[in-house]
Each structure stands twice: as structure tokens, then as C-alpha cells.
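So this block is data_19.cif, mmCIF, C-alpha atoms:
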data_my_file
#
loop_
_atom_site.label_atom_id
_atom_site.label_comp_id
_atom_site.auth_asym_id
_atom_site.auth_seq_id
_atom_site.Cartn_x
_atom_site.Cartn_y
_atom_site.Cartn_z
CA MET A 1090 22.50 124.48 45.81
CA MET A 1091 25.24 126.57 47.36
CA GLN A 1092 28.75 125.83 48.44
CA LYS A 1093 29.37 124.86 52.05
CA GLU A 1094 31.24 128.08 52.83
CA SER A 1095 28.20 130.20 51.95
CA LEU A 1096 25.76 127.81 53.60
CA SER A 1097 27.70 127.89 56.85
CA LEU A 1098 26.82 131.58 57.06
CA LEU A 1099 23.16 131.10 56.16
CA ARG A 1100 22.47 127.94 58.15
CA PRO A 1101 22.14 129.51 61.63
CA ARG A 1102 20.04 132.47 60.48
CA LEU A 1103 17.00 132.88 58.29
CA ALA A 1104 15.32 136.14 57.45
CA LYS A 1105 12.31 137.30 59.42
CA GLU A 1106 10.84 139.21 56.46
CA PRO A 1107 9.97 138.60 53.74
CA CYS A 1108 8.95 134.98 54.32
CA SER A 1109 6.33 132.57 53.03
CA PRO A 1110 2.69 133.44 53.86
CA LEU A 1111 2.27 129.85 55.06
CA PHE A 1112 5.09 130.32 57.57
CA GLN A 1113 3.50 133.58 58.72
CA LEU A 1114 0.16 131.79 59.15
CA VAL A 1115 1.57 129.10 61.45
CA GLY A 1116 3.52 131.69 63.39
CA TRP A 1117 7.07 130.72 62.49
CA GLN A 1118 9.52 133.47 63.39
CA TYR A 1119 12.96 133.96 61.93
CA GLN A 1120 15.91 135.98 63.05
CA ARG A 1121 16.92 139.01 61.05
CA ILE A 1122 19.64 138.21 58.52
CA ASP A 1123 22.31 140.53 57.26
CA GLU A 1124 21.16 142.42 54.16
CA SER A 1125 24.30 141.40 52.31
CA TYR A 1126 23.09 137.78 52.25
CA LEU A 1127 19.75 138.61 50.62
CA PHE A 1128 19.12 138.28 46.90
CA ARG A 1129 16.90 141.13 45.69
CA GLY A 1130 15.53 141.49 49.20
CA LYS A 1131 14.62 137.81 49.60
CA VAL A 1132 16.20 134.74 51.10
CA MET A 1133 17.35 132.32 48.42
CA ASP A 1134 15.86 128.83 48.35
CA ALA A 1135 19.16 127.21 49.30
CA GLU A 1136 19.73 123.55 50.00
CA GLU A 1137 22.87 122.08 51.48
CA PRO A 1138 24.24 119.11 49.49
CA PRO A 1139 25.17 115.96 51.42
CA GLU A 1140 28.66 116.24 49.94
CA PRO A 1141 30.07 119.23 47.98
CA LEU A 1142 31.39 116.99 45.19
CA THR A 1143 27.98 115.40 44.56
CA VAL A 1144 26.36 118.59 43.23
CA ARG A 1145 25.35 118.27 39.56
CA TRP A 1146 25.96 121.88 38.58
CA HIS A 1147 24.77 121.58 34.98
CA ASP A 1148 21.32 120.38 36.18
CA LEU A 1149 20.63 123.15 38.72
CA GLY A 1150 19.17 125.69 36.29
CA VAL A 1151 16.77 123.31 34.54
CA PRO A 1152 13.08 124.31 34.91
CA LYS A 1153 10.85 122.08 37.05
CA LYS A 1154 8.54 121.43 34.11
CA GLU A 1155 11.37 119.92 32.10
CA LYS A 1156 12.46 117.82 35.09
CA LYS A 1157 8.96 116.38 35.52
CA LEU A 1158 8.63 115.71 31.80
CA LYS A 1159 11.89 113.78 31.65
CA ARG A 1160 11.05 111.78 34.76
CA PHE A 1161 7.69 110.90 33.25
CA ALA A 1162 9.43 109.75 30.07
CA ALA A 1163 11.84 107.63 32.14
CA SER A 1164 8.87 106.06 33.96
CA ILE A 1165 7.19 105.15 30.68
CA ILE A 1166 10.40 103.57 29.38
CA SER A 1167 10.73 101.59 32.62
CA ILE A 1168 7.20 100.22 32.23
CA LEU A 1169 7.95 99.19 28.64
CA VAL A 1170 11.13 97.42 29.80
CA VAL A 1171 9.12 95.50 32.42
CA MET A 1172 6.58 94.45 29.79
CA GLY A 1173 9.35 93.31 27.45
CA ALA A 1174 11.01 91.29 30.24
CA PHE A 1175 7.66 89.67 31.04
CA LEU A 1176 7.19 88.53 27.44
CA LEU A 1177 10.75 87.20 27.20
CA VAL A 1178 10.61 85.25 30.47
CA ARG A 1179 7.17 83.87 29.61
CA HIS A 1180 8.43 82.62 26.24
CA VAL A 1181 11.56 81.02 27.75
CA PHE A 1182 9.64 79.40 30.62
CA LEU A 1183 6.91 77.90 28.44
CA THR A 1184 9.40 76.78 25.77
CA TYR A 1185 12.44 75.51 27.71
CA GLY A 1186 11.18 74.93 31.26
CA ALA A 1187 12.10 76.11 34.76
CA GLY A 1188 15.86 75.48 34.66
CA VAL A 1189 16.58 77.53 31.54
CA SER A 1190 14.17 80.27 32.59
CA ALA A 1191 15.94 80.59 35.97
CA LEU A 1192 19.29 81.05 34.21
CA PHE A 1193 17.69 83.56 31.85
CA ILE A 1194 16.25 85.52 34.80
CA ALA A 1195 19.69 85.59 36.47
CA ILE A 1196 21.20 86.99 33.27
CA LEU A 1197 18.43 89.61 33.09
CA ASN A 1198 19.20 90.66 36.67
CA ILE A 1199 22.85 91.16 35.71
CA LEU A 1200 21.90 93.31 32.71
CA THR A 1201 19.20 95.27 34.56
CA PRO A 1202 21.57 97.87 36.13
CA LEU A 1203 23.00 98.70 32.71
CA VAL A 1204 19.53 99.28 31.28
CA CYS A 1205 18.41 101.32 34.30
CA ARG A 1206 21.58 103.39 34.15
CA GLY A 1207 20.63 104.49 30.65
CA ILE A 1208 17.05 105.26 31.74
CA THR A 1209 18.22 107.25 34.77
CA ALA A 1210 20.54 109.28 32.54
CA ILE A 1211 17.43 110.79 30.96
CA GLU A 1212 16.32 112.27 34.28
CA ILE A 1213 17.60 115.49 35.82
CA HIS A 1214 18.75 115.54 39.45
CA SER A 1215 20.37 118.31 41.47
CA ASP A 1216 22.78 115.99 43.29
CA GLU A 1217 24.32 112.59 42.75
CA GLY A 1218 22.61 111.11 45.82
CA GLY A 1219 19.17 111.76 44.37
CA LYS A 1220 20.23 110.22 41.08
CA GLN A 1221 21.50 107.12 42.87
CA ALA A 1222 18.23 106.81 44.81
CA SER A 1223 16.21 107.01 41.58
CA HIS A 1224 18.50 104.45 39.93
CA SER A 1225 18.14 102.17 42.95
CA ILE A 1226 14.33 102.24 42.78
CA LYS A 1227 14.33 101.30 39.08
CA VAL A 1228 16.82 98.45 39.51
CA LEU A 1229 14.98 97.09 42.54
CA GLY A 1230 11.61 97.21 40.80
CA LEU A 1231 12.86 95.46 37.67
CA ARG A 1232 14.80 92.83 39.60
CA CYS A 1233 11.86 92.02 41.87
CA VAL A 1234 9.52 91.76 38.92
CA ASN A 1235 11.99 89.59 36.98
CA SER A 1236 12.78 87.27 39.89
CA ALA A 1237 9.36 86.77 41.53
CA VAL A 1238 6.36 88.46 39.93
CA ILE A 1239 6.91 87.32 36.34
CA ILE A 1240 7.59 83.67 37.24
CA HIS A 1241 4.45 83.71 39.38
CA LEU A 1242 2.30 85.14 36.58
CA VAL A 1243 3.57 82.89 33.80
CA THR A 1244 3.11 79.70 35.85
CA PRO A 1245 -0.40 78.23 35.50
CA PHE A 1246 -2.18 77.81 38.82
CA THR A 1247 -2.43 74.04 38.36
CA TRP A 1248 1.37 73.85 38.05
CA SER A 1249 2.01 75.42 41.46
CA LEU A 1250 2.55 72.16 43.37
CA THR A 1251 2.32 69.46 40.72
CA ASN A 1252 5.15 67.27 39.50
CA GLY A 1253 7.29 68.40 36.60
CA GLU A 1254 7.85 72.06 35.69
CA HIS A 1255 6.06 73.44 38.74
CA LEU A 1256 6.43 76.76 40.54
CA ILE A 1257 8.56 75.48 43.43
CA LYS A 1258 11.11 74.00 41.05
CA ALA A 1259 11.33 77.30 39.20
CA VAL A 1260 11.84 79.29 42.44
CA ALA A 1261 14.55 76.90 43.66
CA ALA A 1262 16.25 77.12 40.28
CA ILE A 1263 16.25 80.93 40.50
CA PHE A 1264 17.99 80.79 43.90
CA VAL A 1265 20.62 78.37 42.61
CA ALA A 1266 21.22 80.44 39.47
CA GLU A 1267 21.64 83.61 41.56
CA MET A 1268 24.22 81.86 43.73
CA PHE A 1269 26.58 81.27 40.82
CA THR A 1270 25.94 83.57 37.86
CA ALA A 1271 26.24 87.03 39.41
CA PRO A 1272 29.15 86.22 41.80
CA ILE A 1273 31.15 84.50 39.03
CA VAL A 1274 30.63 87.38 36.59
CA GLN A 1275 31.45 89.85 39.36
CA ALA A 1276 34.66 88.04 40.36
CA LEU A 1277 35.95 87.50 36.82
CA PHE A 1278 35.79 91.24 36.04
CA ILE A 1279 36.30 90.60 32.34
CA PRO A 1280 36.34 94.31 31.27
CA GLY A 1281 39.06 94.99 33.84
CA ILE A 1282 41.16 92.06 32.66
CA ILE A 1283 40.93 93.33 29.08
CA LYS A 1284 41.96 96.84 30.17
CA MET A 1285 44.86 95.76 32.37
CA HIS A 1286 46.35 93.00 30.21
CA ILE A 1287 45.48 94.05 26.64
CA ILE A 1288 44.81 97.79 26.47
CA ALA A 1289 47.25 99.04 29.14
CA PRO A 1290 50.46 97.60 27.58
CA ARG A 1291 49.52 99.25 24.28
CA CYS A 1292 48.88 102.72 25.70
CA LYS A 1293 51.16 105.43 24.32
CA HIS A 1294 51.35 107.53 27.51
CA GLN A 1295 51.47 106.94 31.26
CA GLU A 1296 48.19 108.69 32.05
CA GLY A 1297 46.23 106.44 29.72
CA MET A 1298 47.84 103.35 31.22
CA ASN A 1299 47.02 104.51 34.75
CA GLN A 1300 43.37 104.86 33.78
CA CYS A 1301 43.28 101.16 32.93
CA PHE A 1302 44.13 100.27 36.54
CA THR A 1303 41.55 102.42 38.32
CA GLY A 1304 39.21 99.51 39.09
CA ALA A 1305 35.61 98.77 38.18
CA ARG A 1306 32.85 101.31 38.60
CA TRP A 1307 30.22 100.33 41.14
CA GLU A 1308 27.14 102.00 42.60
CA LEU A 1309 25.83 101.73 46.13
CA GLY A 1310 22.21 101.60 45.00
CA GLU A 1311 22.85 98.44 42.99
CA ARG A 1312 24.37 96.67 46.01
CA TYR A 1313 21.28 97.52 48.07
CA THR A 1314 18.95 96.23 45.36
CA ASN A 1315 20.91 92.98 45.17
CA MET A 1316 20.09 92.30 48.81
CA MET A 1317 16.50 93.56 48.65
CA LYS A 1318 15.81 91.38 45.60
CA VAL A 1319 16.77 88.24 47.54
CA LEU A 1320 14.58 89.24 50.49
CA PHE A 1321 11.63 90.00 48.21
CA LEU A 1322 11.96 86.64 46.45
CA CYS A 1323 12.16 84.88 49.82
CA PHE A 1324 9.13 86.60 51.35
CA PHE A 1325 7.08 86.34 48.15
CA PHE A 1326 7.26 82.53 47.99
CA SER A 1327 7.84 81.74 51.68
CA ALA A 1328 4.32 80.33 52.19
CA LEU A 1329 4.71 77.78 49.38
CA PHE A 1330 8.45 77.24 49.75
CA PRO A 1331 9.75 77.57 53.35
CA GLY A 1332 13.17 76.42 52.18
CA ALA A 1333 13.54 79.87 50.62
CA PHE A 1334 14.69 81.21 54.02
CA ALA A 1335 17.68 78.85 54.13
CA LEU A 1336 18.56 79.50 50.48
CA SER A 1337 18.24 83.26 51.02
CA ALA A 1338 20.59 83.15 54.01
CA LEU A 1339 23.17 81.22 51.99
CA LEU A 1340 22.75 83.53 48.99
CA LEU A 1341 23.18 86.67 51.11
CA LEU A 1342 26.31 85.20 52.69
CA ILE A 1343 27.80 84.48 49.25
CA HIS A 1344 27.00 88.00 48.03
CA PHE A 1345 28.46 89.52 51.19
CA GLU A 1346 31.76 87.69 50.83
CA MET A 1347 31.98 88.47 47.13
CA ASP A 1348 31.19 92.17 47.66
CA LYS A 1349 33.83 92.36 50.38
CA PHE A 1350 36.41 90.80 48.07
CA CYS A 1351 35.52 93.15 45.19
CA LEU A 1352 35.52 96.17 47.49
CA MET A 1353 39.14 95.44 48.44
CA ARG A 1354 40.49 94.02 45.19
CA VAL A 1355 38.35 94.87 42.17
CA TRP A 1356 36.22 98.00 42.53
CA ALA A 1357 37.39 101.57 42.31
CA ARG A 1358 36.89 103.99 45.16
CA ALA A 1359 33.32 105.27 45.21
CA PRO A 1360 32.54 108.99 45.65
CA MET A 1361 30.87 110.33 48.79
CA LEU A 1362 27.13 110.36 48.08
CA GLY A 1363 25.44 111.02 51.42
CA GLY A 1364 22.72 108.89 52.97
CA ASP A 1365 19.91 109.19 50.40
CA VAL A 1366 20.05 105.56 49.27
CA ALA A 1367 20.48 104.15 52.78
CA GLU A 1368 17.63 106.27 54.18
CA GLN A 1369 15.36 105.27 51.29
CA ASN A 1370 15.95 101.56 51.93
CA ARG A 1371 15.72 101.88 55.71
CA SER A 1372 12.58 104.01 55.76
CA TYR A 1373 10.51 102.63 52.89
CA ILE A 1374 11.80 99.49 51.16
CA VAL A 1375 12.63 97.27 54.15
CA PRO A 1376 9.33 98.05 55.99
CA GLY A 1377 7.48 97.47 52.70
CA LEU A 1378 9.08 94.04 52.30
CA LEU A 1379 8.16 93.07 55.85
CA VAL A 1380 4.55 94.15 55.34
#
Now, as a test, write the supplied structure out as C-alpha cells.
Amino acid sequence: MMQKESLSLLRPRLAKEPCSPLFQLVGWQYQRIDESYLFRGKVMDAEEPPEPLTVRWHDLGVPKKEKKLKRFAASIISILVVMGAFLLVRHVFLTYGAGVSALFIAILNILTPLVCRGITAIEIHSDEGGKQASHSIKVLGLRCVNSAVIIHLVTPFTWSLTNGEHLIKAVAAIFVAEMFTAPIVQALFIPGIIKMHIIAPRCKHQEGMNQCFTGARWELGERYTNMMKVLFLCFFFSALFPGAFALSALLLLIHFEMDKFCLMRVWARAPMLGGDVAEQNRSYIVPGLLV
């Protein structure tokens, strides 16, 4: 990573020699660059950050081997979390039925970003946009597994369309639980109320009191996963439960209105992150859901 001022000088011109043997093989030609911009006679492997403030400077000098090792460890922890969620949901569903399991799944979906945030903190990323994209993938995977895959696996095949605690009742209960639990928790903003009305009046200096009124932290990747989770749940059970399309439309409308309210009244201003998360969802996740 380099600052924008330096990159503006390097962006129009790349060195002709020395360059990669692969580039020489395919016949790529570069313009001659000023010798003052070379590092030990070579062009630096520079990458322009989407936004200057998103560069994670303390992670730039970490060796690639360590990066891969920590990402592998984060992947293993994510798999263990999925297995633990499967066992919990299976126990609740078989013990208390579809209604309680739907509420339990909704609570798991609320707690999932907090768990994934801790897992993503293990990884090493050169910019904040890449970290957000990795966090988004983990949250989306866990939420989709919690909402659709687990309830499908724990339901016996003979219960799919029978009376009683069948699969359709469980799916409908999940939609209803998602309509109320997450928006209510999001609107109440209990940590913010505690900060503004309990901690702030007891602060001993102005700066500390101002920090209590900065708003709630939010992440763009989590808002994308909230929408993708609903679409995945709808498409996954659409053949057995066509009413999922109507419930999904209503659920997306509720989440849209609540996010708009929180964006204006509750959340703090988010930093500029670039288009990594949006491009990831547009290029891979949405086409994957449609397929």
C-alpha cells in the first residue's frame, strides 16, 4: 500500500525493465519510469487503497505465510461454530418444537455478527474493505445455515408436510420471528440508551460525555447479509412453501424501513470502505442465490 500522493505519480507509468518474466512472455510493454521512483532498481508491488483511511498499516508487513495460517485458523473456528449451532438448534427443535426453535434461530442470527467479528479479528487484512468482505462472508454463511440448512436437516423427512411440528410451520415461524426480534432489538438500541442516560451524566469530562453520544457502530457487510439471508431462506423453501415470497417481501420492507430509521437516528457515521462488499455481493452471492 502507498499513499495516494505517491500512487498518483506511479499510476500512469510502469517500468519497462525489469518486469515479470510472465509479462515479457505475453509481450506486455511498459513505459520507462523515472529512476527516482524505483526501489533498488525495481518497481514496487504497489496497490492503491479504495480509501486512504481504510489502510491497516500495522498489517502491511505481515508475511503471507502468517496471513494464510491465521485465515485457516479462522476457517476452522467458523466450522466449529456452525457445528455447535447445528447441535443447539437440533436440541431446541426436537425438545420444544417449531415455534421456540424459530425464536432461538432469530436470536442466533442477532448474535452471529458478534461471534464473526471476533473470528475476523484473528485474520490479517491490508485494508478495511477486505476485512469487511471477509466478515460479510462469515456472517452470511452462518445466518444461512442457521435459518435454512439446519432446520431442513433436523426435520425428519416424514414431517415435511404432515400435521403438527412440520417443516412448513417451522419455516413460517422463522419468518415471523425475523420480522419482530431483530427490528425491535435494533430500534431499542439498549447499549446506546445506557450510555446516553446513565454513563454520560456521570462522566467527569466533556470528551468522555461526547463519546457516549456518537451513535451505534454498524457494518455494511452485516446489512448485506441481513438481506441475503432472507432471500436464501425464501429460495431454499420456495418449492414447498410458495408463501415465502410474500413473507420475504414484507420482511425486506420492514428491514428497509428500520435500517433507514437507524441510519438517520441511531447509527454513527460509517467510514469510507470502497466497493469490496458491494462488488462481492453483486458478482458472486446474488448470482449464486439465483442459481
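Residues with any atom within 12 Å of Thr1184 of chain A, counting all atoms listed in the file and excluding same-chain neighbours fewer than 6 positions away, are Leu1177, Val1178, Ser1190, Val1243 and Glu1254 of chain A.
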- request: May I ask for the distance between atom CA of Ile1199 of chain A and atom CA of Ile1226 of chain A, given in Å to one decimal place?
  value: 15.7 Å
task: Would you please work out which residue, of A:Thr1209, A:Ser1164, A:Thr1244, A:Gln1369, is nearest to Leu1183 of chain A when using only C-alpha atoms?
output: A:Thr1244
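Candidate residues A:Cys1205, A:Val1144, A:Met1347, A:Ile1287 were compared for distance to Ile1273 of chain A, and the nearest is A:Met1347, using all atoms listed in the file.
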- prompt: Which residues fall under the PyMOL selection byres ((chain A and resi 1165-1170) around 9) in this file, as JSON, numbers by chain?
  reply: {"A": [1160, 1161, 1162, 1163, 1164, 1171, 1172, 1173, 1174, 1175, 1204, 1205, 1208, 1227, 1231]}
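Nearest residue to Ile1213 of chain A among A:Met1285, A:Leu1158, A:Ala1271, A:Cys1233 is A:Leu1158, counting all atoms listed in the file.
If you count all atoms listed in the file and ignore residues fewer than 5 places along the chain from Leu1309 of chain A, what sits within 9 Å of it is Gln1221, Ser1225, Thr1314, Ala1359, Leu1362, Val1366 and Ala1367 of chain A.
Going from atom CA of Phe1330 of chain A over to atom CA of Val1274 of chain A, you cover 27.7 Å.
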Let me have the centre and edge lengths in Å, one decimal, of the box along x, y and z around every listed atom of segment 1311-1327 of chain A with 8 Å of margin on each side, as JSON.
{"center_x": 15.7, "center_y": 90.1, "center_z": 47.3, "size_x": 33.3, "size_y": 32.7, "size_z": 24.7}
The PyMOL selection byres ((chain A and resi 1313) around 12) on the file shown: which residues, as a short mmCIF file (atom, residue, chain, number, x, y, z; two decimals) with C-alpha atoms, in the coordinates of the input?
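The file below, part-v2.cif, is the result:
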data_model
loop_
_atom_site.label_atom_id
_atom_site.label_comp_id
_atom_site.auth_asym_id
_atom_site.auth_seq_id
_atom_site.Cartn_x
_atom_site.Cartn_y
_atom_site.Cartn_z
CA PRO A 1202 21.57 97.87 36.13
CA GLN A 1221 21.50 107.12 42.87
CA ALA A 1222 18.23 106.81 44.81
CA HIS A 1224 18.50 104.45 39.93
CA SER A 1225 18.14 102.17 42.95
CA ILE A 1226 14.33 102.24 42.78
CA LYS A 1227 14.33 101.30 39.08
CA VAL A 1228 16.82 98.45 39.51
CA LEU A 1229 14.98 97.09 42.54
CA ARG A 1232 14.80 92.83 39.60
CA TRP A 1307 30.22 100.33 41.14
CA GLU A 1308 27.14 102.00 42.60
CA LEU A 1309 25.83 101.73 46.13
CA GLY A 1310 22.21 101.60 45.00
CA GLU A 1311 22.85 98.44 42.99
CA ARG A 1312 24.37 96.67 46.01
CA THR A 1314 18.95 96.23 45.36
CA ASN A 1315 20.91 92.98 45.17
CA MET A 1316 20.09 92.30 48.81
CA MET A 1317 16.50 93.56 48.65
CA LYS A 1318 15.81 91.38 45.60
CA VAL A 1319 16.77 88.24 47.54
CA LEU A 1320 14.58 89.24 50.49
CA LEU A 1341 23.18 86.67 51.11
CA HIS A 1344 27.00 88.00 48.03
CA PHE A 1345 28.46 89.52 51.19
CA ASP A 1348 31.19 92.17 47.66
CA ASP A 1365 19.91 109.19 50.40
CA VAL A 1366 20.05 105.56 49.27
CA ALA A 1367 20.48 104.15 52.78
CA GLU A 1368 17.63 106.27 54.18
CA GLN A 1369 15.36 105.27 51.29
CA ASN A 1370 15.95 101.56 51.93
CA ARG A 1371 15.72 101.88 55.71
CA ILE A 1374 11.80 99.49 51.16
CA VAL A 1375 12.63 97.27 54.15
#
- line: For Arg1354 of chain A, the closest of A:Ala1276, A:Cys1292, A:Leu1322, A:Leu1203 counting only C-alpha atoms is A:Ala1276
field: Resolved residues for the PyMOL selection byres ((chain A and resi 1236) around 8) as a PyMOL selection string
entry: chain A and resi 1194-1195+1198+1232-1235+1237-1240+1263+1318+1322
message: So the first atom is atom CA of Arg1129 of chain A and the second is atom CA of His1214 of chain A; what is the distance between them in Å, to one decimal place?
response: 26.4 Å
message: Taking (10.7, 82.0, 46.7) as a centre in this file's frame and 9 Å as the limit, can you find every polymer residue with an atom that close, using all atoms listed in the file, and give them as number ranges by chain?
response: A: 1236-1237, 1257, 1259-1261, 1263-1264, 1319, 1321-1334, 1337
Output C-alpha atoms of each residue in that selection to a file, as a PDB file, in the coordinates of the input.
ATOM      1  CA  SER A1236      12.780  87.270  39.890  1.00  0.00           C
ATOM      2  CA  ALA A1237       9.360  86.770  41.530  1.00  0.00           C
ATOM      3  CA  ILE A1257       8.560  75.480  43.430  1.00  0.00           C
ATOM      4  CA  ALA A1259      11.330  77.300  39.200  1.00  0.00           C
ATOM      5  CA  VAL A1260      11.840  79.290  42.440  1.00  0.00           C
ATOM      6  CA  ALA A1261      14.550  76.900  43.660  1.00  0.00           C
ATOM      7  CA  ILE A1263      16.250  80.930  40.500  1.00  0.00           C
ATOM      8  CA  PHE A1264      17.990  80.790  43.900  1.00  0.00           C
ATOM      9  CA  VAL A1319      16.770  88.240  47.540  1.00  0.00           C
ATOM     10  CA  PHE A1321      11.630  90.000  48.210  1.00  0.00           C
ATOM     11  CA  LEU A1322      11.960  86.640  46.450  1.00  0.00           C
ATOM     12  CA  CYS A1323      12.160  84.880  49.820  1.00  0.00           C
ATOM     13  CA  PHE A1324       9.130  86.600  51.350  1.00  0.00           C
ATOM     14  CA  PHE A1325       7.080  86.340  48.150  1.00  0.00           C
ATOM     15  CA  PHE A1326       7.260  82.530  47.990  1.00  0.00           C
ATOM     16  CA  SER A1327       7.840  81.740  51.680  1.00  0.00           C
ATOM     17  CA  ALA A1328       4.320  80.330  52.190  1.00  0.00           C
ATOM     18  CA  LEU A1329       4.710  77.780  49.380  1.00  0.00           C
ATOM     19  CA  PHE A1330       8.450  77.240  49.750  1.00  0.00           C
ATOM     20  CA  PRO A1331       9.750  77.570  53.350  1.00  0.00           C
ATOM     21  CA  GLY A1332      13.170  76.420  52.180  1.00  0.00           C
ATOM     22  CA  ALA A1333      13.540  79.870  50.620  1.00  0.00           C
ATOM     23  CA  PHE A1334      14.690  81.210  54.020  1.00  0.00           C
ATOM     24  CA  SER A1337      18.240  83.260  51.020  1.00  0.00           C
TER      25      SER A1337
END
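Shortest atom-to-atom contact with Glu1267 of chain A among A:Leu1176, A:Ala1187, A:Leu1340, A:Ala1357: A:Leu1340, counting only C-alpha atoms.
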